[in-house]
Amino acid sequence: MTSTIWTEKYRPSTFDEVKGQQEVVEKVKAFVSTGNMPHLLFSGPAGVGKTTLSLVIAKQLFGENWRQNVLELNASDERGIDVVRVKVKDFARTKAIGDVPFKVIYLDESDALTKEAQQALRRTMENYTKTCRFILSCNYSSKIIDPIQSRCAMFRFKPLAEQDIFAMIDKLASAEGLTVSEEAKQALFEVCSGDCRRLENVMQSCAVINSNLDAELVYSMASVAKPKEVKELLGIAVKGEFLEARKKLLALMLDYGLSGLDVIKQIQKEIWNLELDDRRKVELVDKCGEVEFRMVEGSDEYIQLESFLAFVVLVGSR
């Protein structure tokens, strides 16, 4: 067992190693094989391979010289117009080392760039197309201004499917000498919700404690309540036992160290597994949204969760 973070240790270096984004990978692979690549915009949730695929592109294009030909910036750290005017422009105007006629600028979290910086970036993308290609990565493509979107080939990344997550678990378990039970695999899939980076971090945390991973260990390391316990909590409230449900809620929050937002998100997932008609399930989901909004706005989390349980009791009594 090494002290290296697994997200770096097991980061793919070829297209074949990238999991779960086969459609995107095939198209990007075609760009790289011809050496004729447009500006790219990668959009999708966290931990699904946007940065990884960008680095694979760089390694496949430039080989050993990839570090000299790639500028990697995180726009959430450096989001002002000066970054685009100075760092990006200075790098973009110089010629690439090697056979490839252009350099690559990878701009991570580009939806965090200010509107002014995006306008400056638009001009830079236009002026330096002979010597530079941009790969922009973002969680929300709607926050990227239209002129930039129209200059890029856009690719939308999806959360990893169950079979891809399971394949990743098997690969990590084999490489690190871990034993992972079927229940633990299912728990890891539920905990990471298609986020491969979260999967690797949770597995590494568990591996430090025990090389035999079970569902109990996964849930405790991920600070997530077991789905069956959340379902139990809702079932008690549906039966009208408010005080018992309230006690169970407090125990869940204290045992797992959960915030109110964590709890309401897990509750929302488990509502669909309750034995209620669809109309009442929809009412409960609607109430979840209201409670989550109030928490974000600063209301007391425990009071809001109690009010939700009271609403579940009312819905269950109809």
# chains A, B, ... in the order shown; residues from 1 in each chain; ligands from 1
call {"tool": "residues_around", "arguments": {"residues": "Gly44 in chain A", "least_positions_apart": "2", "cutoff": "7 Å", "atoms": "only C-alpha atoms", "output": "JSON, numbers by chain"}}
result
{"A": [42, 46, 138, 139, 140, 156, 157, 158]}
call {"tool": "select_by_dssp", "arguments": {"residues": "range 155-212 of chain A", "states": "strand (DSSP E)", "output": "PyMOL selection string"}}
result
chain A and resi 155-156+179-180+212
call {"tool": "closest_residue", "arguments": {"among": "A:Leu61, A:Val296, A:Met203, A:Ala153", "to": "Ile5 in chain A", "atoms": "only C-alpha atoms"}}
result
A:Met203
call {"tool": "atom_distance", "arguments": {"atom1": "CA of Ile271 in chain A", "atom2": "CA of Lys239 in chain A"}}
result
14.2 Å
call {"tool": "select_by_dssp", "arguments": {"residues": "range 88-238 of chain A", "states": "helix (DSSP H, G or I)", "output": "PyMOL selection string"}}
result
chain A and resi 88-92+110-112+115-127+141-143+146-151+162-176+182-192+196-209+215-221+227-238
call {"tool": "write_last_selection", "arguments": {"atoms": "C-alpha atoms", "output": "short mmCIF file (atom, residue, chain, number, x, y, z; two decimals), in the first residue's frame"}}
result
data_model
loop_
_atom_site.label_atom_id
_atom_site.label_comp_id
_atom_site.auth_asym_id
_atom_site.auth_seq_id
_atom_site.Cartn_x
_atom_site.Cartn_y
_atom_site.Cartn_z
CA VAL A 88 -3.14 32.48 -21.61
CA LYS A 89 -2.13 34.97 -24.30
CA ASP A 90 1.62 34.62 -23.63
CA PHE A 91 1.40 30.83 -23.87
CA ALA A 92 -0.92 30.86 -26.91
CA SER A 110 -14.17 27.49 -16.94
CA ASP A 111 -17.77 28.23 -15.89
CA ALA A 112 -16.19 30.12 -12.93
CA LYS A 115 -18.07 37.40 -18.11
CA GLU A 116 -15.29 39.90 -18.89
CA ALA A 117 -12.66 37.13 -18.83
CA GLN A 118 -14.83 35.01 -21.13
CA GLN A 119 -15.08 37.91 -23.60
CA ALA A 120 -11.29 38.28 -23.57
CA LEU A 121 -10.94 34.51 -24.01
CA ARG A 122 -13.21 34.61 -27.04
CA ARG A 123 -10.83 37.01 -28.82
CA THR A 124 -7.78 34.96 -27.83
CA MET A 125 -9.37 31.77 -29.19
CA GLU A 126 -10.01 33.59 -32.46
CA ASN A 127 -6.57 35.20 -32.85
CA SER A 141 -22.29 24.76 -19.99
CA SER A 142 -25.10 27.34 -19.59
CA LYS A 143 -22.61 29.55 -17.70
CA ASP A 146 -22.69 31.68 -26.46
CA PRO A 147 -19.79 33.05 -28.57
CA ILE A 148 -17.39 30.62 -26.85
CA GLN A 149 -19.82 27.71 -27.13
CA SER A 150 -20.19 28.32 -30.87
CA ARG A 151 -16.39 28.20 -31.32
CA GLU A 162 -23.14 0.71 -12.75
CA GLN A 163 -21.08 -1.69 -14.91
CA ASP A 164 -18.31 0.92 -15.31
CA ILE A 165 -18.18 1.59 -11.56
CA PHE A 166 -18.07 -2.16 -10.85
CA ALA A 167 -15.26 -2.59 -13.42
CA MET A 168 -13.33 0.20 -11.69
CA ILE A 169 -13.88 -1.40 -8.27
CA ASP A 170 -12.56 -4.74 -9.58
CA LYS A 171 -9.51 -3.04 -11.09
CA LEU A 172 -8.65 -1.16 -7.87
CA ALA A 173 -9.31 -4.21 -5.68
CA SER A 174 -7.05 -6.37 -7.83
CA ALA A 175 -4.24 -3.79 -7.95
CA GLU A 176 -4.33 -3.10 -4.21
CA GLU A 182 -21.08 -7.70 -3.43
CA GLU A 183 -22.90 -5.60 -0.79
CA ALA A 184 -19.85 -3.31 -0.57
CA LYS A 185 -19.82 -2.91 -4.37
CA GLN A 186 -23.48 -1.88 -4.33
CA ALA A 187 -22.81 0.48 -1.42
CA LEU A 188 -19.87 2.08 -3.28
CA PHE A 189 -22.05 2.60 -6.35
CA GLU A 190 -24.80 4.24 -4.26
CA VAL A 191 -22.33 6.41 -2.38
CA CYS A 192 -20.41 7.71 -5.41
CA CYS A 196 -15.21 7.95 -10.19
CA ARG A 197 -13.03 10.32 -8.16
CA ARG A 198 -15.27 9.92 -5.12
CA LEU A 199 -15.24 6.14 -5.62
CA GLU A 200 -11.43 6.05 -5.57
CA ASN A 201 -11.19 8.30 -2.51
CA VAL A 202 -13.76 6.28 -0.52
CA MET A 203 -12.08 2.98 -1.48
CA GLN A 204 -8.66 4.31 -0.48
CA SER A 205 -10.04 5.51 2.87
CA CYS A 206 -11.62 2.09 3.49
CA ALA A 207 -8.44 0.26 2.45
CA VAL A 208 -6.45 2.09 5.13
CA ILE A 209 -8.83 0.71 7.80
CA ALA A 215 -21.05 -2.25 3.21
CA GLU A 216 -20.82 -1.13 6.85
CA LEU A 217 -17.27 0.18 6.37
CA VAL A 218 -18.16 1.93 3.08
CA TYR A 219 -21.12 3.81 4.55
CA SER A 220 -19.20 4.86 7.67
CA MET A 221 -16.16 6.12 5.67
CA PRO A 227 -30.44 3.49 2.67
CA LYS A 228 -32.43 0.92 4.69
CA GLU A 229 -32.09 3.10 7.82
CA VAL A 230 -33.39 6.16 5.96
CA LYS A 231 -36.27 4.05 4.61
CA GLU A 232 -36.97 2.84 8.17
CA LEU A 233 -37.11 6.45 9.36
CA LEU A 234 -39.65 7.35 6.67
CA GLY A 235 -41.65 4.18 7.32
CA ILE A 236 -42.00 5.08 11.03
CA ALA A 237 -43.19 8.60 10.11
CA VAL A 238 -45.70 7.25 7.54
#
call {"tool": "residues_around", "arguments": {"residues": "Lys281 in chain A", "least_positions_apart": "6", "cutoff": "12 Å", "atoms": "only C-alpha atoms", "output": "list in words"}}
result
Leu234, Val238, Ile267, Gln268, Lys269, Glu270, Ile271, Trp272, Asn273, Leu274, Glu275, Lys287, Cys288, Phe311, Val312, Val315 and Gly316 of chain A
call {"tool": "residues_around", "arguments": {"residues": "Glu17 in chain A", "least_positions_apart": "2", "cutoff": "12 Å", "atoms": "only C-alpha atoms", "output": "CSV table (one decimal) with N, CA and C atoms, in the first residue's frame"}}
result
chain,number,residue,atom,x,y,z
A,10,TYR,N,-3.9,6.0,-10.4
A,10,TYR,CA,-4.6,5.2,-11.4
A,10,TYR,C,-5.3,6.0,-12.5
A,11,ARG,N,-4.7,7.2,-12.7
A,11,ARG,CA,-5.3,8.1,-13.8
A,11,ARG,C,-4.9,7.5,-15.1
A,12,PRO,N,-5.8,7.3,-16.0
A,12,PRO,CA,-5.5,6.7,-17.3
A,12,PRO,C,-4.6,7.5,-18.2
A,13,SER,N,-3.8,6.9,-19.0
A,13,SER,CA,-2.8,7.6,-19.9
A,13,SER,C,-3.1,7.3,-21.3
A,14,THR,N,-4.1,6.4,-21.6
A,14,THR,CA,-4.5,6.1,-23.0
A,14,THR,C,-6.0,6.1,-23.1
A,15,PHE,N,-6.5,6.2,-24.3
A,15,PHE,CA,-7.9,6.3,-24.5
A,15,PHE,C,-8.6,5.0,-24.1
A,19,LYS,N,-12.9,5.1,-18.6
A,19,LYS,CA,-14.1,4.3,-18.4
A,19,LYS,C,-15.4,5.2,-18.6
A,20,GLY,N,-16.4,4.6,-19.2
A,20,GLY,CA,-17.7,5.2,-19.2
A,20,GLY,C,-18.1,6.2,-20.1
A,21,GLN,N,-17.1,6.8,-20.9
A,21,GLN,CA,-17.5,7.9,-21.9
A,21,GLN,C,-17.1,7.5,-23.3
A,22,GLN,N,-17.5,6.2,-23.7
A,22,GLN,CA,-17.1,5.7,-24.9
A,22,GLN,C,-17.4,6.5,-26.2
A,25,VAL,N,-15.1,9.5,-26.2
A,25,VAL,CA,-13.7,9.0,-26.4
A,25,VAL,C,-13.5,8.7,-27.9
A,49,GLY,N,-14.4,12.2,-15.6
A,49,GLY,CA,-13.4,12.0,-16.6
A,49,GLY,C,-13.0,13.2,-17.5
A,52,THR,N,-9.2,14.0,-16.9
A,52,THR,CA,-8.5,12.8,-17.4
A,52,THR,C,-8.4,12.7,-18.9
A,53,LEU,N,-9.5,12.9,-19.5
A,53,LEU,CA,-9.6,12.8,-21.0
A,53,LEU,C,-8.7,13.9,-21.7
A,56,VAL,N,-5.2,12.8,-21.4
A,56,VAL,CA,-4.9,11.7,-22.3
A,56,VAL,C,-4.7,12.3,-23.7
A,164,ASP,N,-19.6,0.2,-15.3
A,164,ASP,CA,-18.3,0.9,-15.3
A,164,ASP,C,-17.7,1.1,-13.9
A,167,ALA,N,-16.5,-2.3,-12.8
A,167,ALA,CA,-15.3,-2.6,-13.4
A,167,ALA,C,-14.1,-1.8,-12.7
A,168,MET,N,-14.4,-0.6,-12.4
A,168,MET,CA,-13.3,0.2,-11.7
A,168,MET,C,-13.0,-0.4,-10.3
A,171,LYS,N,-10.9,-3.4,-10.7
A,171,LYS,CA,-9.5,-3.0,-11.1
A,171,LYS,C,-8.7,-2.6,-9.9
call {"tool": "atom_distance", "arguments": {"atom1": "CA of Asp214 in chain A", "atom2": "CA of Lys265 in chain A"}}
result
23.1 Å
call {"tool": "residues_around", "arguments": {"residues": "Asp255 in chain A", "least_positions_apart": "6", "cutoff": "10 Å", "atoms": "only C-alpha atoms", "output": "list in words"}}
result
Ser220, Ser223, Val224, Ala225 and Leu249 of chain A
